[in-house]
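Here is the file input-v5.txt (compact mmCIF, C-alpha atoms).
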# COMPACT_ATOMS: atom_id res chain seq x y z
CA MET V 12 -19.81 10.40 -5.42
CA THR V 13 -16.80 10.29 -7.72
CA ASP V 14 -16.35 7.32 -10.00
CA LYS V 15 -13.98 6.54 -12.85
CA LEU V 16 -15.86 5.93 -16.03
CA PHE V 17 -15.19 5.81 -19.74
CA ILE V 18 -17.80 5.05 -22.33
CA VAL V 19 -16.35 3.51 -25.48
CA SER V 20 -18.54 3.20 -28.55
CA THR V 21 -18.10 1.60 -31.93
CA THR V 22 -21.16 1.79 -34.14
CA PHE V 23 -22.43 0.25 -37.33
CA ASN V 24 -23.72 2.74 -39.89
CA LYS V 25 -26.66 4.69 -38.41
CA SER V 26 -25.48 3.75 -34.91
CA ALA V 27 -26.18 0.04 -35.02
CA THR V 28 -24.10 -1.27 -32.11
CA ARG V 29 -22.17 0.72 -29.52
CA PHE V 30 -20.10 -0.36 -26.58
CA PHE V 31 -19.34 1.48 -23.39
CA GLY V 32 -17.27 0.43 -20.41
CA VAL V 33 -16.27 1.20 -16.85
CA SER V 34 -12.64 1.18 -15.86
CA THR V 35 -10.24 2.68 -13.39
CA TRP V 36 -7.90 5.25 -14.91
CA GLU V 37 -4.89 3.86 -16.71
CA ASP V 38 -2.64 5.95 -18.91
CA LYS V 39 -2.44 3.48 -21.75
CA LYS V 40 -4.29 2.43 -24.89
CA TYR V 41 -6.64 -0.50 -25.37
CA LYS V 42 -7.60 -2.27 -28.56
CA PHE V 43 -11.39 -2.14 -28.78
CA GLY V 44 -12.97 -3.70 -31.84
CA PRO V 45 -11.81 -1.80 -34.93
CA PHE V 46 -10.70 1.19 -32.85
CA THR V 47 -7.75 1.95 -30.61
CA THR V 48 -9.14 3.94 -27.71
CA ILE V 49 -7.76 5.76 -24.72
CA MET V 50 -9.25 5.27 -21.27
CA ILE V 51 -9.97 8.55 -19.49
CA LYS V 52 -11.40 9.36 -16.08
CA LEU V 53 -14.73 11.18 -15.93
CA ASN V 54 -16.09 13.15 -12.99
CA MET V 55 -19.28 11.44 -11.81
CA SER V 56 -20.27 14.14 -9.31
CA ARG V 57 -23.13 14.87 -11.61
CA LEU V 58 -26.39 16.74 -11.70
CA THR V 59 -29.66 15.25 -12.89
CA PRO V 60 -30.13 14.31 -15.66
CA ILE V 61 -27.13 12.24 -16.72
CA PHE V 62 -25.38 13.90 -19.68
CA GLU V 63 -24.10 11.47 -22.31
CA VAL V 64 -21.80 13.15 -24.87
CA CYS V 65 -20.90 11.65 -28.25
CA VAL V 66 -17.24 12.13 -29.23
CA ASP V 67 -14.96 11.06 -32.08
CA SER V 68 -11.53 12.19 -30.90
CA VAL V 69 -9.29 12.34 -27.85
CA ILE V 70 -9.67 16.13 -27.57
CA SER V 71 -13.46 15.75 -27.57
CA ALA V 72 -13.28 13.11 -24.84
CA ILE V 73 -11.02 15.33 -22.74
CA ASN V 74 -13.28 18.36 -23.26
CA ALA V 75 -16.31 16.28 -22.36
CA GLU V 76 -14.59 15.28 -19.10
CA LYS V 77 -13.72 18.89 -18.30
CA GLY V 78 -17.24 20.00 -19.16
CA GLY V 79 -18.79 17.59 -16.65
CA ALA V 80 -20.02 14.73 -18.87
CA SER V 81 -21.40 11.68 -17.06
CA ARG V 82 -20.74 9.38 -20.03
CA VAL V 83 -18.97 9.70 -23.37
CA GLU V 84 -19.66 7.68 -26.49
CA LEU V 85 -16.72 7.21 -28.85
CA CYS V 86 -17.53 6.65 -32.52
CA ASP V 87 -16.60 7.79 -36.02
CA ASN V 88 -18.36 9.91 -38.67
CA LEU V 89 -20.62 11.88 -36.35
CA ALA V 90 -21.86 13.81 -39.39
CA GLU V 91 -23.50 10.56 -40.50
CA GLY V 92 -24.88 9.69 -37.06
CA GLY V 93 -21.88 7.68 -35.87
CA THR V 94 -20.38 4.73 -37.75
CA THR V 95 -17.85 1.92 -37.59
CA PRO V 96 -15.97 0.12 -40.39
CA SER V 97 -17.62 -3.16 -39.35
CA SER V 98 -20.66 -2.77 -41.57
CA GLY V 99 -22.89 -0.42 -43.50
CA GLY V 100 -26.52 -0.04 -44.38
CA ASP V 101 -29.71 0.92 -42.59
CA PHE V 102 -31.30 -0.73 -39.54
CA CYS V 103 -32.25 -3.96 -41.32
CA TYR V 104 -29.27 -6.31 -41.26
CA ASN V 105 -28.30 -9.57 -42.92
CA GLU V 106 -26.95 -12.61 -41.07
CA GLU V 107 -23.32 -11.68 -41.65
CA GLU V 108 -23.86 -8.25 -40.10
CA ILE V 109 -25.68 -9.77 -37.13
CA GLU V 110 -22.78 -12.16 -36.59
CA VAL V 111 -20.36 -9.22 -36.52
CA MET V 112 -22.55 -7.53 -33.90
CA CYS V 113 -22.58 -10.71 -31.80
CA LEU V 114 -18.81 -10.99 -31.94
CA ASP V 115 -18.30 -7.29 -31.14
CA ILE V 116 -20.67 -7.44 -28.18
CA GLN V 117 -18.90 -10.52 -26.81
CA HIS V 118 -15.56 -8.79 -27.31
CA ALA V 119 -16.81 -5.75 -25.42
CA LYS V 120 -18.00 -7.94 -22.56
CA ASN V 121 -14.65 -9.73 -22.43
CA LEU V 122 -12.95 -6.35 -22.06
CA GLY V 123 -15.16 -5.49 -19.10
CA ALA V 124 -17.45 -3.05 -20.89
CA HIS V 125 -20.31 -1.55 -18.92
CA GLY V 126 -22.95 -1.68 -21.65
CA VAL V 127 -23.91 -1.86 -25.29
CA VAL V 128 -26.19 0.22 -27.52
CA LEU V 129 -28.00 -1.52 -30.38
CA GLY V 130 -31.10 -1.65 -32.55
CA ILE V 131 -32.47 -3.86 -35.33
CA LEU V 132 -35.65 -3.45 -37.37
CA MET V 133 -37.71 -5.74 -39.56
CA PRO V 134 -38.30 -4.66 -43.21
CA ASP V 135 -41.82 -3.52 -42.23
CA GLY V 136 -40.46 -1.11 -39.62
CA CYS V 137 -41.22 -3.20 -36.52
CA VAL V 138 -38.58 -3.99 -33.91
CA ASP V 139 -36.85 -7.26 -34.78
CA VAL V 140 -37.71 -8.79 -31.42
CA GLU V 141 -36.06 -12.15 -32.10
CA ARG V 142 -32.67 -10.81 -33.13
CA VAL V 143 -32.64 -7.97 -30.60
CA THR V 144 -33.38 -10.57 -27.91
CA LYS V 145 -30.40 -12.60 -29.15
CA LEU V 146 -28.07 -9.60 -28.84
CA VAL V 147 -29.44 -8.68 -25.42
CA GLU V 148 -28.80 -12.22 -24.20
CA ILE V 149 -25.22 -12.09 -25.46
CA ALA V 150 -24.76 -8.67 -23.81
CA SER V 151 -25.96 -9.85 -20.38
CA PRO V 152 -25.11 -8.74 -17.70
CA MET V 153 -24.10 -5.47 -19.40
CA GLU V 154 -26.57 -2.61 -19.69
CA VAL V 155 -28.38 -2.23 -23.01
CA THR V 156 -29.67 0.89 -24.78
CA PHE V 157 -31.92 0.72 -27.86
CA HIS V 158 -30.72 3.53 -30.13
CA ARG V 159 -32.39 5.77 -32.72
CA ALA V 160 -33.45 2.91 -34.92
CA PHE V 161 -36.45 3.44 -32.65
CA ASP V 162 -37.21 6.68 -34.53
CA MET V 163 -37.56 4.75 -37.79
CA THR V 164 -40.16 2.28 -36.50
CA ASN V 165 -43.68 2.24 -37.97
CA ASP V 166 -45.32 2.72 -34.55
CA PRO V 167 -43.21 4.12 -31.68
CA PHE V 168 -45.63 3.08 -28.95
CA LYS V 169 -45.79 -0.51 -30.18
CA ALA V 170 -42.00 -0.42 -30.48
CA LEU V 171 -41.77 0.88 -26.91
CA ASN V 172 -43.87 -2.03 -25.64
CA ASP V 173 -41.89 -4.55 -27.68
CA ILE V 174 -38.59 -3.26 -26.30
CA ILE V 175 -39.90 -3.36 -22.74
CA LYS V 176 -41.17 -6.92 -23.24
CA ILE V 177 -37.75 -8.06 -24.47
CA GLY V 178 -36.44 -7.13 -21.03
CA SER V 179 -32.95 -6.19 -19.83
CA ILE V 180 -32.97 -2.99 -21.95
CA GLN V 181 -32.47 0.01 -19.70
CA ARG V 182 -33.10 2.95 -22.04
CA ILE V 183 -34.19 4.15 -25.47
CA LEU V 184 -32.31 6.89 -27.32
CA THR V 185 -34.80 8.88 -29.40
CA SER V 186 -35.49 12.20 -31.09
CA GLY V 187 -39.22 11.60 -30.81
CA CYS V 188 -39.47 10.07 -34.29
CA ASP V 189 -38.47 13.34 -35.92
CA SER V 190 -35.27 14.94 -37.14
CA THR V 191 -34.59 16.68 -33.83
CA VAL V 192 -35.75 16.41 -30.24
CA LEU V 193 -37.46 19.79 -30.43
CA GLU V 194 -39.48 18.71 -33.47
CA GLY V 195 -40.34 15.41 -31.81
CA LEU V 196 -40.93 16.86 -28.34
CA GLU V 197 -44.65 16.09 -28.22
CA THR V 198 -43.95 12.43 -28.97
CA ILE V 199 -41.16 12.33 -26.37
CA VAL V 200 -43.55 13.66 -23.73
CA GLU V 201 -46.02 10.87 -24.57
CA LEU V 202 -43.27 8.24 -24.60
CA VAL V 203 -42.14 9.29 -21.12
CA LYS V 204 -45.74 8.97 -19.90
CA HIS V 205 -46.14 5.53 -21.48
CA ALA V 206 -42.74 4.29 -20.30
CA GLN V 207 -43.40 5.30 -16.67
CA ASP V 208 -40.67 3.65 -14.61
CA ARG V 209 -40.30 0.63 -16.90
CA ILE V 210 -37.54 2.08 -19.11
CA ILE V 211 -35.63 5.37 -19.48
CA ILE V 212 -36.45 7.62 -22.44
CA MET V 213 -33.21 9.44 -23.32
CA PRO V 214 -33.73 12.29 -25.83
CA GLY V 215 -30.94 12.95 -28.34
CA GLY V 216 -30.67 14.85 -31.61
CA GLY V 217 -30.29 18.59 -32.20
CA ILE V 218 -30.14 19.49 -28.50
CA ARG V 219 -28.43 22.80 -27.79
CA GLU V 220 -28.40 25.57 -25.21
CA SER V 221 -31.11 27.55 -26.98
CA ASN V 222 -33.73 24.79 -26.78
CA LEU V 223 -32.72 22.90 -23.65
CA SER V 224 -35.00 24.86 -21.31
CA ARG V 225 -38.02 24.18 -23.50
CA ILE V 226 -37.20 20.46 -23.54
CA PHE V 227 -36.83 20.23 -19.75
CA ALA V 228 -39.95 22.33 -19.19
CA ALA V 229 -42.00 19.87 -21.24
CA THR V 230 -41.22 16.69 -19.28
CA TYR V 231 -39.04 15.15 -16.59
CA LEU V 232 -35.87 13.57 -18.03
CA GLN V 233 -33.46 11.23 -16.26
CA GLU V 234 -30.85 11.22 -19.03
CA ILE V 235 -30.04 13.26 -22.13
CA HIS V 236 -27.72 12.70 -25.11
CA VAL V 237 -25.83 15.69 -26.61
CA SER V 238 -22.89 16.47 -28.87
CA ALA V 239 -22.11 19.96 -27.47
CA SER V 240 -19.79 20.42 -30.43
CA THR V 241 -17.89 23.36 -31.84
CA THR V 242 -15.66 23.96 -34.85
CA MET V 243 -11.96 24.67 -34.36
CA SER V 244 -9.41 25.78 -36.91
CA SER V 245 -6.53 23.49 -37.82
CA THR V 246 -3.02 24.36 -36.67
CA MET V 247 -1.75 23.72 -40.22
CA ILE V 248 0.06 26.67 -41.80
CA HIS V 249 0.35 25.20 -45.29
CA LYS V 250 -3.15 24.57 -46.64
CA THR V 251 -4.27 22.93 -49.89
CA SER V 252 -7.82 24.13 -50.50
CA ASN V 253 -8.67 22.28 -53.72
CA ILE V 254 -8.47 18.74 -52.33
CA HIS V 255 -11.16 17.01 -50.25
CA MET V 256 -10.23 13.82 -48.42
CA GLY V 257 -13.92 13.02 -47.95
CA LYS V 258 -17.15 14.16 -49.55
CA ALA V 259 -16.97 17.70 -50.87
CA PHE V 260 -19.91 18.95 -48.81
CA TYR V 261 -18.20 18.04 -45.55
CA ASN V 262 -16.22 20.61 -43.56
CA SER V 263 -12.92 21.87 -44.86
CA GLU V 264 -9.96 19.59 -44.17
CA TYR V 265 -8.74 22.43 -41.93
CA LEU V 266 -11.78 22.65 -39.68
CA ILE V 267 -12.06 20.27 -36.73
CA ASN V 268 -15.30 19.41 -34.95
CA ALA V 269 -14.88 18.73 -31.24
CA VAL V 270 -16.82 18.84 -28.00
CA SER V 271 -16.92 22.31 -26.47
CA GLU V 272 -16.23 22.30 -22.75
CA ASP V 273 -17.98 25.68 -22.40
CA ARG V 274 -21.11 24.56 -24.26
CA LEU V 275 -21.40 21.42 -22.15
CA LEU V 276 -20.96 23.38 -18.92
CA LYS V 277 -23.74 25.75 -20.02
CA MET V 278 -26.05 22.85 -20.84
CA ILE V 279 -25.47 21.22 -17.47
CA ASP V 280 -26.09 24.57 -15.77
CA ILE V 281 -29.40 24.96 -17.59
CA ALA V 282 -30.38 21.41 -16.64
CA SER V 283 -29.56 22.08 -12.97
CA ARG V 284 -32.33 24.71 -12.83
CA PHE V 285 -34.91 22.00 -13.48
CA THR V 286 -33.71 19.53 -10.81
Turn this file's structure into structure tokens for me.
Amino acid sequence: MTDKLFIVSTTFNKSATRFFGVSTWEDKKYKFGPFTTIMIKLNMSRLTPIFEVCVDSVISAINAEKGGASRVELCDNLAEGGTTPSSGGDFCYNEEEIEVMCLDIQHAKNLGAHGVVLGILMPDGCVDVERVTKLVEIASPMEVTFHRAFDMTNDPFKALNDIIKIGSIQRILTSGCDSTVLEGLETIVELVKHAQDRIIIMPGGGIRESNLSRIFAATYLQEIHVSASTTMSSTMIHKTSNIHMGKAFYNSEYLINAVSEDRLLKMIDIASRFT
């Protein structure tokens, strides 16, 4: 099966709300929330599991397509987990921030988006069931993913049950309540067991070729979230090395992070051995 799919994502700080959409290929730009995005066609003749690739540039989106991505997520500041100018903060939001999320979700739906990714916590680390339910209702009939706010909950198994009870949430993006999927692998295995067929557990965080086999060997996965990134040198000839446009500990202004087509192809090949 070949479909035409583009996942567009704008996120609050720490990946608060993301949007993704399905469209036929059109060689033009669309205004999407605070971003101008380009629609691209992705090859959906995919292997199991579905590979979702996070990108922050056109070249990354194109490389993800060439590398066989099933979905791409477009956001900014991947070094900080993916952000949008709409808001900042952690996973506990005030009413103004919630209102921005509501408006952005409605805007995404009006544009024909396929789904939205979101997550809100209470100050005590529980899922904010009331406000998440509100966003899910606004998002309907789009798909909904609960993102890595899940990893910051005070009890992942209670959070899992709460998210399932809310209903109309198709998947949870998680690193197993640790910094990386490999470190949180034991928890991910237990989450998959507890989730059964009620919701998809989609691991994401620190996944690379060197640990992918170990992750797949541990449990059955329907979907997986990767960056598959590499660093490329700028084409600039004149370089000013003493000025940083962002924080000084970030990459040089003349190094570009982008999705690696080769890395993604290798990951999908590794995954195919476990299907």
| task | Tell me which protein, DNA and RNA residues are within 7 Å of V:Ile211, counting only C-alpha atoms, leaving out same-chain ones fewer than 4 positions away, and put them as an MDAnalysis selection string. | result | chainID V and resid 181:183
| Looking at all atoms listed in the file, which of V:Thr191, V:Gln207, V:Asn121, V:Ser238 is the one that sits closest to V:Leu275? |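 Distance minimum relative to V:Leu275 lands on V:Ser238.
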| request: Quote the spacing between atom CA of V:Ala239 and atom CA of V:Gly216 in Å to one decimal place. | output: 10.8 Å
| said: Nearest residue to V:Arg284 out of V:Ile174, V:Ala228, V:Val140, V:Cys188, using only C-alpha atoms? | reply: V:Ala228
Please determine an axis-aligned box that encloses all atoms of stretch 148-167 of chain V listed in the file, with 8 Å added on each side, and express its centre and edge lengths in Å to one decimal as JSON.
{"center_x": -34.7, "center_y": -2.8, "center_z": -27.8, "size_x": 37.2, "size_y": 34.9, "size_z": 36.3}
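Counting from atom CA of V:Met256, the distance to atom CA of V:Ser190 is 27.5 Å.
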| note | atom CA of V:Ile109 to atom CA of V:Arg159 measures 17.5 Å
| said: Calculated over all atoms listed in the file, which of the candidates V:Leu276, V:Ala72, V:Val138, V:Met112 has the smallest distance to V:Arg219? | reply: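 The shortest atom-to-atom distance to V:Arg219 comes from V:Leu276.
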| request: Do a neighbour search on V:Asp135 at 12 Å with all atoms listed in the file, toss out local chain neighbours closer than 4 positions, and write the hits as a list in words. | output: Phe102, Cys103, Ile131, Asp139, Met163, Thr164, Asn165 and Asp166 of chain V
| task | Would you mind listing what lies within 12 Å of V:Ser151 as a PyMOL selection string, with all atoms listed in the file counted and same-chain residues fewer than 4 positions away left out? | result | chain V and resi 113+116-117+119-121+123-127+144-147+155+178-181
| Smallest atom-to-atom distance to V:Thr246: which of V:Asp115, V:Glu76, V:Glu148, V:Glu264, using all atoms listed in the file? |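 Of all the options, V:Glu264 lies closest to V:Thr246.
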List the spatial neighbours of V:Ser244 as an mmCIF file with C-alpha atoms, keeping the file's coordinate frame - criterion: any atom at most 9 Å away, only C-alpha atoms, same-chain residues fewer than 4 positions off excluded.
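Produced file out03.cif, reproduced below:
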data_model
loop_
_atom_site.group_PDB
_atom_site.id
_atom_site.type_symbol
_atom_site.label_atom_id
_atom_site.label_comp_id
_atom_site.auth_asym_id
_atom_site.auth_seq_id
_atom_site.Cartn_x
_atom_site.Cartn_y
_atom_site.Cartn_z
ATOM 1 C CA TYR V 265 -8.740 22.430 -41.930
ATOM 2 C CA LEU V 266 -11.780 22.650 -39.680
ATOM 3 C CA ILE V 267 -12.060 20.270 -36.730
ATOM 4 C CA ASN V 268 -15.300 19.410 -34.950
#
| With all atoms listed in the file as the atoms that count, which of V:Leu202, V:His118, V:Met213, V:Asp273 lies nearest to V:Ile235? | V:Met213
| message | List as a PyMOL selection string the protein and nucleic acid residues near V:Thr185, meaning an atom at most 9 Å away when only C-alpha atoms are counted, but skip any in the same chain fewer than 4 places from it. | response | chain V and resi 157-162+189+191-192+195+199+212-216
| Among the residues V:Ser224, V:Leu232, V:Ser271, V:Ser245, the one that comes closest to V:Ala206 [using all atoms listed in the file] | V:Leu232
